[in-house]
>>> print(open('query_36.tsv').read())   # TSV, C-alpha atoms
chain	number	residue	atom	x	y	z
A	1	MET	CA	15.86	20.79	-1.43
A	2	GLY	CA	13.66	17.93	-2.62
A	3	ARG	CA	10.50	18.36	-4.59
A	4	GLU	CA	7.26	17.66	-2.76
A	5	VAL	CA	3.67	17.21	-3.83
A	6	ALA	CA	0.77	18.57	-1.80
A	7	GLU	CA	-0.99	15.88	0.21
A	8	SER	CA	-4.35	16.94	-1.22
A	9	CYS	CA	-3.06	16.32	-4.76
A	10	VAL	CA	-1.99	12.79	-3.88
A	11	ASP	CA	-5.32	12.12	-2.12
A	12	THR	CA	-7.24	13.35	-5.15
A	13	MET	CA	-5.09	11.36	-7.55
A	14	LEU	CA	-5.67	8.17	-5.54
A	15	MET	CA	-9.44	8.76	-5.34
A	16	GLU	CA	-9.69	9.45	-9.07
A	17	MET	CA	-7.50	6.49	-10.02
A	18	VAL	CA	-9.60	4.09	-7.95
A	19	ALA	CA	-12.82	5.59	-9.31
A	20	MET	CA	-11.68	5.39	-12.92
A	21	TYR	CA	-10.37	1.84	-12.78
A	22	SER	CA	-13.07	0.31	-10.59
A	23	ALA	CA	-16.14	2.17	-11.87
A	24	ARG	CA	-15.30	3.01	-15.46
A	25	PHE	CA	-12.55	0.96	-17.09
A	26	TYR	CA	-13.14	-2.34	-15.27
A	27	ALA	CA	-16.59	-1.86	-13.74
A	28	ASN	CA	-17.50	-5.55	-14.15
A	29	LYS	CA	-14.03	-6.91	-13.36
A	30	PRO	CA	-12.85	-5.64	-9.97
A	31	GLU	CA	-9.90	-8.08	-9.94
A	32	LEU	CA	-8.53	-6.46	-13.13
A	33	ALA	CA	-9.00	-2.99	-11.66
A	34	ALA	CA	-7.15	-4.09	-8.53
A	35	ARG	CA	-4.27	-5.52	-10.56
A	36	ARG	CA	-3.95	-2.35	-12.63
A	37	ILE	CA	-3.99	-0.08	-9.56
A	38	GLU	CA	-1.37	-2.30	-7.90
A	39	ALA	CA	0.78	-2.19	-11.06
A	40	ILE	CA	0.73	1.60	-11.04
A	41	GLY	CA	1.77	1.55	-7.37
A	42	TYR	CA	4.55	-0.88	-8.25
A	43	GLN	CA	5.99	1.56	-10.81
A	44	VAL	CA	5.76	4.43	-8.33
A	45	GLY	CA	7.47	2.39	-5.59
A	46	HIS	CA	10.19	1.27	-7.96
A	47	GLN	CA	10.96	4.87	-8.94
A	48	LEU	CA	10.75	6.21	-5.39
A	49	SER	CA	13.18	3.56	-4.17
A	50	GLU	CA	15.65	4.73	-6.81
A	51	ARG	CA	15.40	8.23	-5.41
A	52	TYR	CA	15.59	7.33	-1.71
A	53	THR	CA	18.33	4.68	-1.91
A	54	MET	CA	20.61	6.45	-4.37
A	55	GLU	CA	23.18	7.39	-1.71
A	56	ARG	CA	22.83	4.26	0.45
A	57	PRO	CA	24.83	1.05	0.35
A	58	ARG	CA	22.93	-2.11	-0.63
A	59	PHE	CA	21.02	-3.80	2.17
A	60	SER	CA	22.60	-6.98	3.50
A	61	ASP	CA	19.38	-8.82	4.37
A	62	HIS	CA	15.58	-8.69	4.13
A	63	LEU	CA	15.08	-7.34	7.64
A	64	GLU	CA	17.37	-4.39	6.97
A	65	ALA	CA	15.39	-3.50	3.82
A	66	ILE	CA	12.08	-3.81	5.68
A	67	LYS	CA	13.39	-1.55	8.45
A	68	PHE	CA	14.35	0.99	5.77
A	69	ILE	CA	10.74	0.94	4.54
A	70	CYS	CA	9.37	1.28	8.09
A	71	LYS	CA	11.57	4.20	9.09
A	72	ASP	CA	13.07	6.15	6.22
A	73	PHE	CA	10.78	5.39	3.27
A	74	TRP	CA	7.51	5.66	5.21
A	75	SER	CA	8.72	8.95	6.73
A	76	GLU	CA	9.43	10.36	3.27
A	77	VAL	CA	6.11	9.29	1.80
A	78	PHE	CA	3.72	9.58	4.77
A	79	LYS	CA	5.60	11.96	7.12
A	80	LYS	CA	5.68	9.34	9.91
A	81	GLN	CA	7.23	5.98	10.66
A	82	ILE	CA	5.38	2.68	10.67
A	83	ASP	CA	3.86	2.15	14.12
A	84	ASN	CA	4.62	-1.56	14.47
A	85	LEU	CA	6.74	-4.17	12.69
A	86	LYS	CA	6.33	-7.89	13.32
A	87	THR	CA	8.09	-10.81	11.71
A	88	ASN	CA	8.14	-14.58	12.00
A	89	HIS	CA	11.81	-14.59	10.87
A	90	ARG	CA	10.84	-16.89	8.00
A	91	GLY	CA	10.06	-14.31	5.35
A	92	THR	CA	6.77	-12.83	6.58
A	93	PHE	CA	6.62	-9.26	7.85
A	94	VAL	CA	3.62	-7.28	9.09
A	95	LEU	CA	3.84	-3.48	8.97
A	96	GLN	CA	1.09	-1.73	10.96
A	97	ASP	CA	0.17	1.91	10.53
A	98	ASN	CA	-2.35	2.97	13.19
A	99	LYS	CA	-3.36	6.13	11.30
A	100	PHE	CA	-2.75	5.30	7.66
A	101	ARG	CA	-2.88	8.67	5.96
A	102	TRP	CA	-4.78	7.52	2.86
A	103	LEU	CA	-7.56	5.99	4.97
A	104	SER	CA	-7.87	8.83	7.48
A	105	ARG	CA	-10.80	10.39	5.63
A	106	VAL	CA	-12.58	7.13	4.81
A	107	SER	CA	-15.48	5.83	6.82
A	108	ILE	CA	-17.81	2.86	6.49
A	109	ASP	CA	-21.46	3.25	7.32
A	110	PRO	CA	-22.21	0.55	9.94
A	111	SER	CA	-25.63	-0.07	8.36
A	112	SER	CA	-23.89	-0.96	5.06
A	113	GLU	CA	-22.21	-3.88	6.84
A	114	LYS	CA	-25.62	-5.53	7.15
A	115	GLU	CA	-26.38	-5.25	3.42
A	116	THR	CA	-26.69	-8.34	1.26
A	117	GLU	CA	-23.22	-9.65	0.70
A	118	ASP	CA	-21.79	-10.53	-2.71
A	119	PRO	CA	-21.60	-14.34	-2.96
A	120	SER	CA	-18.26	-14.11	-4.81
A	121	THR	CA	-16.60	-12.61	-1.72
A	122	PRO	CA	-18.06	-14.24	1.38
A	123	GLY	CA	-17.65	-12.34	4.60
A	124	GLU	CA	-16.76	-9.02	3.00
A	125	SER	CA	-19.29	-6.22	2.53
A	126	LYS	CA	-19.41	-3.98	-0.53
A	127	ALA	CA	-18.20	-1.08	1.63
A	128	ALA	CA	-15.15	-3.04	2.77
A	129	GLN	CA	-14.47	-4.06	-0.84
A	130	ALA	CA	-14.59	-0.41	-1.90
A	131	VAL	CA	-12.15	0.62	0.83
A	132	SER	CA	-9.82	-2.25	-0.03
A	133	MET	CA	-9.49	-0.86	-3.59
A	134	TYR	CA	-7.59	2.08	-2.06
A	135	LEU	CA	-5.01	-0.30	-0.58
A	136	TYR	CA	-3.83	-1.88	-3.83
A	137	PHE	CA	-1.83	1.24	-4.66
A	138	PRO	CA	0.25	1.31	-1.42
A	139	CYS	CA	0.68	-2.49	-1.66
A	140	GLY	CA	2.10	-1.95	-5.12
A	141	ILE	CA	4.38	0.79	-3.82
A	142	ILE	CA	5.80	-1.51	-1.14
A	143	ARG	CA	6.25	-4.37	-3.64
A	144	GLY	CA	7.95	-2.00	-6.10
A	145	VAL	CA	10.41	-0.75	-3.50
A	146	LEU	CA	11.32	-4.27	-2.37
A	147	SER	CA	11.58	-5.53	-5.93
A	148	ASN	CA	14.00	-2.75	-6.77
A	149	LEU	CA	16.02	-3.74	-3.71
A	150	GLY	CA	16.24	-7.31	-5.03
A	151	ILE	CA	13.56	-8.80	-2.77
A	152	PRO	CA	10.73	-10.48	-4.69
A	153	CYS	CA	7.60	-10.59	-2.55
A	154	ALA	CA	3.84	-10.51	-2.36
A	155	VAL	CA	2.14	-7.69	-0.43
A	156	SER	CA	-1.41	-7.62	0.88
A	157	ALA	CA	-3.28	-5.29	3.20
A	158	ASP	CA	-5.71	-5.80	6.03
A	159	ILE	CA	-8.02	-3.27	7.64
A	160	SER	CA	-8.97	-4.12	11.20
A	161	SER	CA	-10.57	-0.79	12.04
A	162	LEU	CA	-10.24	2.44	10.12
A	163	PRO	CA	-7.79	4.11	9.77
A	164	THR	CA	-5.56	1.29	11.08
A	165	CYS	CA	-4.02	-0.74	8.31
A	166	SER	CA	-1.59	-3.66	8.26
A	167	PHE	CA	0.55	-4.58	5.28
A	168	VAL	CA	1.62	-8.22	5.09
A	169	ILE	CA	4.81	-8.87	3.15
A	170	ARG	CA	5.66	-12.44	2.17
A	171	VAL	CA	9.16	-12.75	0.73
A	172	LYS	CA	9.38	-15.27	-2.10
A	173	ALA	CA	12.14	-17.82	-1.72
>>> encode(input="query_36.tsv", output="structure tokens")
Amino acid sequence: MGREVAESCVDTMLMEMVAMYSARFYANKPELAARRIEAIGYQVGHQLSERYTMERPRFSDHLEAIKFICKDFWSEVFKKQIDNLKTNHRGTFVLQDNKFRWLSRVSIDPSSEKETEDPSTPGESKAAQAVSMYLYFPCGIIRGVLSNLGIPCAVSADISSLPTCSFVIRVKA
């Protein structure tokens, strides 16, 4: 029987980590906070991939590893599979989760979208920036898993409408 952590504990840990790094440690440097949160996620993903691939043979190609993340890994971590996987067959994969668990309790006030925007990030409101801070951790997790599987990549996230989230994986040649 595997060890599990209560979902509320993980939610609280994520909220506190984002709050500490973005509001306290790196209040004036959001890009540093984002990098640190992503680095923590990378370590978590690296360790989780050790646990979940221990009894599996090595993956023969990138697509097989991505499918592992979409089905088996996502099911272990989020108790559901990825809803949609798209690829251009040239090293770019898009994983879509229509009810991403860590964004299910997040909402953006529509009136905040009309606030004065930060000139350093055109087209993105402060509310959307705040929500995006919560996505650096899962991006790091995905990158950590793939790195441990021998696939160097860059991972980014996109929120079209809450709680739908897409993770874009670009495999480095």
>>> residues_around(input="query_36.tsv", residues="Gly140 (chain A)", least_positions_apart="4", cutoff="10 Å", atoms="all atoms listed in the file", output="PyMOL selection string")
chain A and resi 35-46+135-136+144-146+154-156
>>> closest_residue(input="query_36.tsv", among="A:Pro163, A:Gly91, A:Pro57, A:Pro30", to="Leu149 (chain A)", atoms="all atoms listed in the file")
A:Pro57
>>> closest_residue(input="query_36.tsv", among="A:Leu95, A:Ile141, A:Val168, A:Met133", to="Met15 (chain A)", atoms="all atoms listed in the file")
A:Met133
>>> residues_near_point(input="query_36.tsv", point="(14.2, -8.1, 4.4)", cutoff="9 Å", atoms="only C-alpha atoms", output="number ranges by chain")
A: 59-67, 91, 93, 146, 151, 171
>>> residues_near_point(input="query_36.tsv", point="(-9.3, -0.8, -1.6)", cutoff="10 Å", atoms="all atoms listed in the file", output="list in words")
Val18, Ser22, Ala34, Ile37, Leu103, Ala127, Ala128, Gln129, Ala130, Val131, Ser132, Met133, Tyr134, Leu135, Tyr136, Phe137, Pro138, Ala157, Asp158 and Ile159 of chain A
>>> closest_residue(input="query_36.tsv", among="A:Gly150, A:Gln96, A:Thr12, A:Lys79", to="Ser49 (chain A)", atoms="only C-alpha atoms")
A:Gly150
>>> closest_residue(input="query_36.tsv", among="A:Ala23, A:Arg143, A:Val94, A:Glu7", to="Leu48 (chain A)", atoms="only C-alpha atoms")
A:Arg143
>>> closest_residue(input="query_36.tsv", among="A:Ile82, A:Ala33, A:Ile142, A:Ile69", to="Thr164 (chain A)", atoms="all atoms listed in the file")
A:Ile82
>>> atom_distance(input="query_36.tsv", atom1="CA of Asn84 (chain A)", atom2="CA of Asp97 (chain A)")
6.9 Å
>>> closest_residue(input="query_36.tsv", among="A:Gln81, A:Thr92, A:Asn28, A:Thr87", to="Arg170 (chain A)", atoms="all atoms listed in the file")
A:Thr92
>>> atom_distance(input="query_36.tsv", atom1="CA of Ser104 (chain A)", atom2="CA of Lys86 (chain A)")
22.7 Å
>>> atom_distance(input="query_36.tsv", atom1="CA of Pro152 (chain A)", atom2="CA of Ala173 (chain A)")
8.0 Å
